[in-house]
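Data from upload_26.cif: mmCIF, N, CA and C atoms
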```
data_input
loop_
_atom_site.label_atom_id
_atom_site.label_comp_id
_atom_site.auth_asym_id
_atom_site.auth_seq_id
_atom_site.Cartn_x
_atom_site.Cartn_y
_atom_site.Cartn_z
N MET A 235 -18.07 -14.65 7.92
CA MET A 235 -18.43 -13.39 8.52
C MET A 235 -19.55 -12.77 7.69
N SER A 236 -20.58 -12.30 8.38
CA SER A 236 -21.70 -11.70 7.67
C SER A 236 -21.32 -10.32 7.14
N GLU A 237 -22.13 -9.82 6.24
CA GLU A 237 -21.88 -8.49 5.67
C GLU A 237 -21.88 -7.42 6.76
N GLU A 238 -22.76 -7.57 7.71
CA GLU A 238 -22.85 -6.63 8.83
C GLU A 238 -21.58 -6.70 9.69
N ASP A 239 -21.11 -7.91 9.94
CA ASP A 239 -19.88 -8.08 10.72
C ASP A 239 -18.68 -7.50 9.97
N GLU A 240 -18.63 -7.71 8.66
CA GLU A 240 -17.54 -7.15 7.86
C GLU A 240 -17.54 -5.63 7.91
N GLU A 241 -18.72 -5.05 7.83
CA GLU A 241 -18.85 -3.59 7.91
C GLU A 241 -18.38 -3.08 9.27
N ARG A 242 -18.80 -3.74 10.32
CA ARG A 242 -18.39 -3.37 11.68
C ARG A 242 -16.88 -3.48 11.83
N HIS A 243 -16.31 -4.54 11.31
CA HIS A 243 -14.85 -4.75 11.37
C HIS A 243 -14.11 -3.64 10.61
N LEU A 244 -14.60 -3.31 9.42
CA LEU A 244 -13.99 -2.24 8.64
C LEU A 244 -14.05 -0.91 9.39
N LEU A 245 -15.19 -0.60 9.97
CA LEU A 245 -15.33 0.65 10.72
C LEU A 245 -14.37 0.71 11.90
N GLU A 246 -14.19 -0.41 12.59
CA GLU A 246 -13.24 -0.47 13.69
C GLU A 246 -11.81 -0.22 13.20
N LEU A 247 -11.46 -0.84 12.08
CA LEU A 247 -10.12 -0.64 11.51
C LEU A 247 -9.91 0.80 11.08
N LEU A 248 -10.91 1.39 10.44
CA LEU A 248 -10.80 2.77 10.00
C LEU A 248 -10.65 3.72 11.18
N LYS A 249 -11.40 3.47 12.22
CA LYS A 249 -11.31 4.30 13.42
C LYS A 249 -9.93 4.19 14.05
N LYS A 250 -9.43 2.98 14.16
CA LYS A 250 -8.12 2.76 14.76
C LYS A 250 -7.02 3.40 13.89
N ALA A 251 -7.11 3.23 12.59
CA ALA A 251 -6.11 3.82 11.69
C ALA A 251 -6.13 5.34 11.76
N GLY A 252 -7.31 5.90 11.99
CA GLY A 252 -7.43 7.35 12.08
C GLY A 252 -6.91 7.92 13.38
N SER A 253 -6.94 7.13 14.45
CA SER A 253 -6.53 7.66 15.75
C SER A 253 -5.15 7.18 16.18
N GLU A 254 -4.89 5.91 16.07
CA GLU A 254 -3.59 5.37 16.47
C GLU A 254 -3.22 4.19 15.57
N PRO A 255 -2.78 4.50 14.36
CA PRO A 255 -2.48 3.42 13.40
C PRO A 255 -1.28 2.58 13.85
N ASP A 256 -1.39 1.29 13.63
CA ASP A 256 -0.27 0.40 13.89
C ASP A 256 -0.06 -0.47 12.65
N ASP A 257 1.02 -1.20 12.64
CA ASP A 257 1.37 -2.01 11.48
C ASP A 257 0.27 -2.99 11.09
N GLU A 258 -0.27 -3.69 12.08
CA GLU A 258 -1.26 -4.72 11.78
C GLU A 258 -2.54 -4.11 11.19
N THR A 259 -2.97 -3.00 11.74
CA THR A 259 -4.16 -2.33 11.21
C THR A 259 -3.92 -1.88 9.78
N MET A 260 -2.76 -1.30 9.53
CA MET A 260 -2.45 -0.81 8.19
C MET A 260 -2.34 -1.96 7.18
N LYS A 261 -1.75 -3.07 7.60
CA LYS A 261 -1.64 -4.23 6.72
C LYS A 261 -3.03 -4.80 6.39
N THR A 262 -3.90 -4.81 7.38
CA THR A 262 -5.25 -5.31 7.15
C THR A 262 -6.01 -4.39 6.20
N LEU A 263 -5.89 -3.09 6.39
CA LEU A 263 -6.54 -2.14 5.48
C LEU A 263 -6.00 -2.28 4.06
N LEU A 264 -4.69 -2.47 3.94
CA LEU A 264 -4.09 -2.66 2.62
C LEU A 264 -4.65 -3.92 1.96
N LYS A 265 -4.78 -4.98 2.73
CA LYS A 265 -5.33 -6.24 2.21
C LYS A 265 -6.77 -6.05 1.74
N ILE A 266 -7.56 -5.35 2.54
CA ILE A 266 -8.96 -5.10 2.15
C ILE A 266 -8.98 -4.24 0.89
N TYR A 267 -8.18 -3.20 0.87
CA TYR A 267 -8.15 -2.26 -0.24
C TYR A 267 -7.81 -2.96 -1.56
N THR A 268 -6.85 -3.85 -1.53
CA THR A 268 -6.39 -4.50 -2.76
C THR A 268 -7.19 -5.74 -3.14
N SER A 269 -8.07 -6.17 -2.26
CA SER A 269 -8.83 -7.39 -2.58
C SER A 269 -10.31 -7.13 -2.83
N THR A 270 -10.77 -5.92 -2.57
CA THR A 270 -12.19 -5.64 -2.77
C THR A 270 -12.44 -5.01 -4.14
N LEU A 271 -13.60 -5.24 -4.65
CA LEU A 271 -14.03 -4.59 -5.88
C LEU A 271 -14.99 -3.44 -5.57
N ASP A 272 -15.20 -3.19 -4.29
CA ASP A 272 -16.13 -2.16 -3.83
C ASP A 272 -15.41 -0.82 -3.73
N TRP A 273 -15.67 0.05 -4.70
CA TRP A 273 -14.96 1.33 -4.72
C TRP A 273 -15.34 2.22 -3.55
N ILE A 274 -16.51 2.03 -2.97
CA ILE A 274 -16.90 2.83 -1.80
C ILE A 274 -16.00 2.45 -0.61
N THR A 275 -15.74 1.18 -0.45
CA THR A 275 -14.84 0.73 0.61
C THR A 275 -13.44 1.29 0.36
N GLN A 276 -12.98 1.21 -0.88
CA GLN A 276 -11.66 1.74 -1.21
C GLN A 276 -11.59 3.24 -0.92
N GLU A 277 -12.64 3.96 -1.26
CA GLU A 277 -12.66 5.40 -1.02
C GLU A 277 -12.62 5.71 0.48
N ARG A 278 -13.31 4.95 1.27
CA ARG A 278 -13.29 5.14 2.72
C ARG A 278 -11.89 4.91 3.28
N ILE A 279 -11.23 3.89 2.77
CA ILE A 279 -9.86 3.61 3.21
C ILE A 279 -8.93 4.73 2.77
N GLU A 280 -9.08 5.19 1.54
CA GLU A 280 -8.24 6.29 1.04
C GLU A 280 -8.41 7.55 1.89
N THR A 281 -9.61 7.82 2.31
CA THR A 281 -9.87 9.00 3.14
C THR A 281 -9.08 8.93 4.45
N VAL A 282 -9.07 7.78 5.07
CA VAL A 282 -8.30 7.61 6.31
C VAL A 282 -6.80 7.66 6.02
N LEU A 283 -6.37 7.03 4.94
CA LEU A 283 -4.95 7.00 4.61
C LEU A 283 -4.40 8.39 4.30
N ALA A 284 -5.24 9.28 3.84
CA ALA A 284 -4.78 10.64 3.53
C ALA A 284 -4.20 11.34 4.75
N ASP A 285 -4.65 10.94 5.93
CA ASP A 285 -4.17 11.58 7.16
C ASP A 285 -3.15 10.75 7.94
N VAL A 286 -2.84 9.57 7.46
CA VAL A 286 -1.88 8.69 8.14
C VAL A 286 -0.46 9.14 7.81
N ASP A 287 0.43 8.97 8.75
CA ASP A 287 1.84 9.28 8.55
C ASP A 287 2.35 8.55 7.31
N LYS A 288 2.87 9.30 6.36
CA LYS A 288 3.28 8.74 5.07
C LYS A 288 4.43 7.74 5.21
N SER A 289 5.33 7.97 6.14
CA SER A 289 6.44 7.02 6.28
C SER A 289 5.93 5.66 6.79
N LEU A 290 4.91 5.67 7.65
CA LEU A 290 4.30 4.41 8.11
C LEU A 290 3.64 3.70 6.92
N TRP A 291 2.85 4.42 6.14
CA TRP A 291 2.16 3.82 5.01
C TRP A 291 3.15 3.24 4.00
N ILE A 292 4.19 3.99 3.68
CA ILE A 292 5.19 3.53 2.71
C ILE A 292 5.88 2.27 3.23
N ARG A 293 6.21 2.26 4.50
CA ARG A 293 6.85 1.08 5.09
C ARG A 293 5.96 -0.14 4.95
N ILE A 294 4.67 0.03 5.19
CA ILE A 294 3.73 -1.10 5.08
C ILE A 294 3.61 -1.56 3.63
N VAL A 295 3.47 -0.62 2.71
CA VAL A 295 3.38 -0.98 1.29
C VAL A 295 4.62 -1.75 0.85
N LEU A 296 5.79 -1.27 1.24
CA LEU A 296 7.03 -1.96 0.86
C LEU A 296 7.11 -3.35 1.49
N GLN A 297 6.79 -3.44 2.77
CA GLN A 297 6.84 -4.74 3.45
C GLN A 297 5.90 -5.76 2.81
N GLU A 298 4.78 -5.29 2.32
CA GLU A 298 3.78 -6.18 1.74
C GLU A 298 3.99 -6.45 0.25
N MET A 299 5.00 -5.84 -0.34
CA MET A 299 5.23 -5.99 -1.78
C MET A 299 5.39 -7.46 -2.20
N PRO A 300 6.13 -8.30 -1.46
CA PRO A 300 6.22 -9.71 -1.89
C PRO A 300 4.85 -10.40 -1.95
N VAL A 301 3.96 -10.10 -1.04
CA VAL A 301 2.62 -10.67 -1.03
C VAL A 301 1.79 -10.07 -2.17
N LEU A 302 1.88 -8.76 -2.34
CA LEU A 302 1.12 -8.10 -3.40
C LEU A 302 1.48 -8.63 -4.78
N ILE A 303 2.75 -8.91 -5.00
CA ILE A 303 3.18 -9.45 -6.30
C ILE A 303 2.45 -10.76 -6.60
N GLN A 304 2.26 -11.56 -5.57
CA GLN A 304 1.60 -12.86 -5.75
C GLN A 304 0.08 -12.72 -5.83
N GLU A 305 -0.50 -11.92 -4.94
CA GLU A 305 -1.95 -11.88 -4.80
C GLU A 305 -2.63 -10.77 -5.60
N ALA A 306 -1.92 -9.69 -5.85
CA ALA A 306 -2.53 -8.54 -6.54
C ALA A 306 -1.46 -7.78 -7.32
N PRO A 307 -0.91 -8.39 -8.36
CA PRO A 307 0.22 -7.77 -9.07
C PRO A 307 -0.10 -6.39 -9.65
N GLY A 308 -1.31 -6.18 -10.08
CA GLY A 308 -1.68 -4.85 -10.59
C GLY A 308 -1.61 -3.80 -9.51
N TRP A 309 -2.04 -4.18 -8.32
CA TRP A 309 -1.96 -3.25 -7.19
C TRP A 309 -0.51 -3.02 -6.77
N ALA A 310 0.34 -4.03 -6.88
CA ALA A 310 1.76 -3.85 -6.56
C ALA A 310 2.34 -2.74 -7.43
N VAL A 311 2.06 -2.80 -8.72
CA VAL A 311 2.55 -1.78 -9.66
C VAL A 311 1.98 -0.42 -9.31
N SER A 312 0.68 -0.36 -9.13
CA SER A 312 0.01 0.91 -8.88
C SER A 312 0.45 1.56 -7.56
N LEU A 313 0.46 0.79 -6.49
CA LEU A 313 0.82 1.35 -5.19
C LEU A 313 2.28 1.80 -5.15
N LEU A 314 3.18 0.97 -5.67
CA LEU A 314 4.58 1.36 -5.70
C LEU A 314 4.77 2.59 -6.58
N GLY A 315 4.15 2.58 -7.74
CA GLY A 315 4.29 3.70 -8.67
C GLY A 315 3.82 5.01 -8.08
N GLU A 316 2.67 5.00 -7.44
CA GLU A 316 2.15 6.23 -6.84
C GLU A 316 3.07 6.74 -5.74
N GLU A 317 3.54 5.84 -4.91
CA GLU A 317 4.42 6.28 -3.81
C GLU A 317 5.75 6.80 -4.35
N VAL A 318 6.30 6.12 -5.33
CA VAL A 318 7.57 6.58 -5.91
C VAL A 318 7.37 7.93 -6.61
N GLU A 319 6.27 8.08 -7.29
CA GLU A 319 6.03 9.32 -8.03
C GLU A 319 5.85 10.51 -7.09
N TYR A 320 5.15 10.32 -5.98
CA TYR A 320 4.82 11.45 -5.11
C TYR A 320 5.68 11.56 -3.85
N ARG A 321 6.33 10.49 -3.46
CA ARG A 321 7.15 10.51 -2.25
C ARG A 321 8.44 9.71 -2.46
N PHE A 322 9.12 10.05 -3.53
CA PHE A 322 10.30 9.31 -3.96
C PHE A 322 11.33 9.16 -2.84
N GLU A 323 11.70 10.25 -2.21
CA GLU A 323 12.75 10.18 -1.18
C GLU A 323 12.35 9.31 0.00
N LEU A 324 11.10 9.41 0.43
CA LEU A 324 10.63 8.56 1.52
C LEU A 324 10.69 7.09 1.14
N VAL A 325 10.31 6.78 -0.08
CA VAL A 325 10.35 5.38 -0.54
C VAL A 325 11.80 4.91 -0.57
N ARG A 326 12.67 5.71 -1.14
CA ARG A 326 14.07 5.30 -1.25
C ARG A 326 14.70 5.11 0.13
N GLU A 327 14.44 6.03 1.05
CA GLU A 327 14.99 5.91 2.40
C GLU A 327 14.44 4.66 3.11
N SER A 328 13.14 4.44 3.00
CA SER A 328 12.53 3.27 3.64
C SER A 328 13.04 1.97 3.05
N LEU A 329 13.22 1.96 1.75
CA LEU A 329 13.66 0.76 1.05
C LEU A 329 15.05 0.32 1.50
N GLN A 330 15.90 1.27 1.85
CA GLN A 330 17.27 0.95 2.26
C GLN A 330 17.31 0.10 3.53
N SER A 331 16.30 0.24 4.39
CA SER A 331 16.29 -0.53 5.63
C SER A 331 15.45 -1.80 5.55
N MET A 332 14.94 -2.10 4.38
CA MET A 332 14.09 -3.29 4.20
C MET A 332 14.95 -4.53 3.98
N PRO A 333 14.41 -5.70 4.36
CA PRO A 333 15.13 -6.96 4.11
C PRO A 333 15.31 -7.21 2.61
N ALA A 334 16.26 -8.06 2.30
CA ALA A 334 16.58 -8.37 0.90
C ALA A 334 15.37 -8.87 0.13
N GLU A 335 14.50 -9.66 0.76
CA GLU A 335 13.30 -10.18 0.10
C GLU A 335 12.40 -9.03 -0.38
N VAL A 336 12.24 -8.02 0.45
CA VAL A 336 11.41 -6.87 0.09
C VAL A 336 12.08 -6.07 -1.02
N GLN A 337 13.37 -5.82 -0.88
CA GLN A 337 14.10 -5.08 -1.91
C GLN A 337 14.01 -5.80 -3.26
N SER A 338 14.15 -7.09 -3.24
CA SER A 338 14.06 -7.87 -4.47
C SER A 338 12.66 -7.77 -5.09
N ALA A 339 11.63 -7.84 -4.26
CA ALA A 339 10.26 -7.73 -4.76
C ALA A 339 10.01 -6.35 -5.37
N VAL A 340 10.47 -5.32 -4.69
CA VAL A 340 10.31 -3.95 -5.21
C VAL A 340 11.06 -3.79 -6.52
N LEU A 341 12.26 -4.33 -6.58
CA LEU A 341 13.06 -4.26 -7.81
C LEU A 341 12.34 -4.97 -8.96
N SER A 342 11.75 -6.12 -8.69
CA SER A 342 11.07 -6.84 -9.77
C SER A 342 9.85 -6.06 -10.27
N VAL A 343 9.16 -5.37 -9.38
CA VAL A 343 8.03 -4.54 -9.81
C VAL A 343 8.54 -3.34 -10.60
N ALA A 344 9.57 -2.68 -10.08
CA ALA A 344 10.11 -1.48 -10.72
C ALA A 344 10.69 -1.78 -12.10
N LYS A 345 11.15 -2.98 -12.32
CA LYS A 345 11.74 -3.34 -13.60
C LYS A 345 10.72 -3.98 -14.56
N SER A 346 9.50 -4.16 -14.08
CA SER A 346 8.48 -4.78 -14.93
C SER A 346 8.03 -3.81 -16.02
N GLU A 347 7.58 -4.37 -17.12
CA GLU A 347 7.11 -3.56 -18.24
C GLU A 347 5.88 -2.75 -17.85
N ASP A 348 4.99 -3.34 -17.05
CA ASP A 348 3.80 -2.63 -16.59
C ASP A 348 4.18 -1.37 -15.83
N TYR A 349 5.18 -1.49 -14.97
CA TYR A 349 5.60 -0.35 -14.16
C TYR A 349 6.29 0.70 -15.03
N SER A 350 7.27 0.28 -15.79
CA SER A 350 8.05 1.26 -16.56
C SER A 350 7.23 1.95 -17.65
N SER A 351 6.15 1.33 -18.09
CA SER A 351 5.32 1.99 -19.11
C SER A 351 4.47 3.12 -18.51
N PHE A 352 4.25 3.09 -17.20
CA PHE A 352 3.47 4.14 -16.54
C PHE A 352 4.32 5.13 -15.76
N TYR A 353 5.44 4.67 -15.22
CA TYR A 353 6.23 5.50 -14.31
C TYR A 353 7.64 5.66 -14.86
N ALA A 354 7.97 6.86 -15.23
CA ALA A 354 9.24 7.14 -15.91
C ALA A 354 10.47 6.97 -15.02
N ASN A 355 10.32 7.13 -13.72
CA ASN A 355 11.49 7.07 -12.84
C ASN A 355 11.71 5.70 -12.22
N ALA A 356 11.31 4.66 -12.91
CA ALA A 356 11.41 3.29 -12.39
C ALA A 356 12.85 2.92 -12.02
N ASP A 357 13.81 3.23 -12.86
CA ASP A 357 15.19 2.84 -12.60
C ASP A 357 15.87 3.66 -11.51
N SER A 358 15.44 4.87 -11.30
CA SER A 358 16.11 5.76 -10.37
C SER A 358 15.98 5.33 -8.91
N LEU A 359 15.05 4.46 -8.60
CA LEU A 359 14.85 4.03 -7.23
C LEU A 359 16.04 3.29 -6.67
N PHE A 360 16.78 2.59 -7.52
CA PHE A 360 17.90 1.77 -7.05
C PHE A 360 19.25 2.37 -7.41
N GLN A 361 19.30 3.63 -7.75
CA GLN A 361 20.59 4.27 -8.08
C GLN A 361 21.15 5.00 -6.90
#
```

Let me see the structure of the file written as structure tokens.
Amino acid sequence: MSEEDEERHLLELLKKAGSEPDDETMKTLLKIYTSTLDWITQERIETVLADVDKSLWIRIVLQEMPVLIQEAPGWAVSLLGEEVEYRFELVRESLQSMPAEVQSAVLSVAKSEDYSSFYANADSLFQ
């Protein structure tokens, strides 16, 4: 895909996420966000995410945690930590309905040294 095509694709995703976000769009934006080194692209995604329903975003982040651990472990720590820190109850409620694989992945991130050194409430998520 050319740079122009990638830009067009990103703009389409951002527009869709801003008007009628769905799981697939949000997962694709998360993938782009965690795999790019372009902070301008990340900032554009963050701007759209600021207005997205937080329970939808948290559900997507949790569902993707097993993949993030493998492909972007630093982002797994950061994304989980931020959501737990600012939307603890939403994360805890969403986590209860997640499959065992997702719960296990979240637990492994929450119990990691990287996570616990930055986020004080790491253990409280599973109490």

- Query: Which residue, A:Glu327, A:Asp272, A:Asp348, A:Glu335, has the smallest gap to Gln297 of chain A when you use all atoms listed in the file?
  - Reply: A:Glu335

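Residues in contact with Ala251 of chain A at 12 Å, where only C-alpha atoms are counted and same-chain residues fewer than 4 positions away are skipped, are listed as Leu244, Leu245, Glu246, Leu247, Pro255, Asp256, Asp257, Glu258, Thr259, Met260, Lys261, Thr262, Leu263, Leu264, Arg278, Ile279, Glu280, Thr281, Val282, Leu283, Ala284, Asp285, Val286, Asp287, Leu290 and Trp291 of chain A.
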
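Between atom C of Gln276 of chain A and atom C of Val301 of chain A lies a distance of 18.9 Å.
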
- Task: Find the residue from A:Ser342, A:Ser358, A:Leu329, A:Thr268 that sits nearest to Glu305 of chain A; use all atoms listed in the file when measuring.
- Result: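 Checking each of A:Ser342, A:Ser358, A:Leu329, A:Thr268 against Glu305 of chain A, counting all atoms listed in the file, the winner is A:Thr268.
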
Taking all atoms of segment 300-303 of chain A that appear in the file, build a box with edges along x, y and z, extend it by 3 Å on every side, and state its centre and edge lengths in Å to one decimal, as lines of an AutoDock Vina configuration file.
```
center_x = 3.7
center_y = -9.4
center_z = -3.8
size_x = 11.1
size_y = 8.7
size_z = 11.6
```
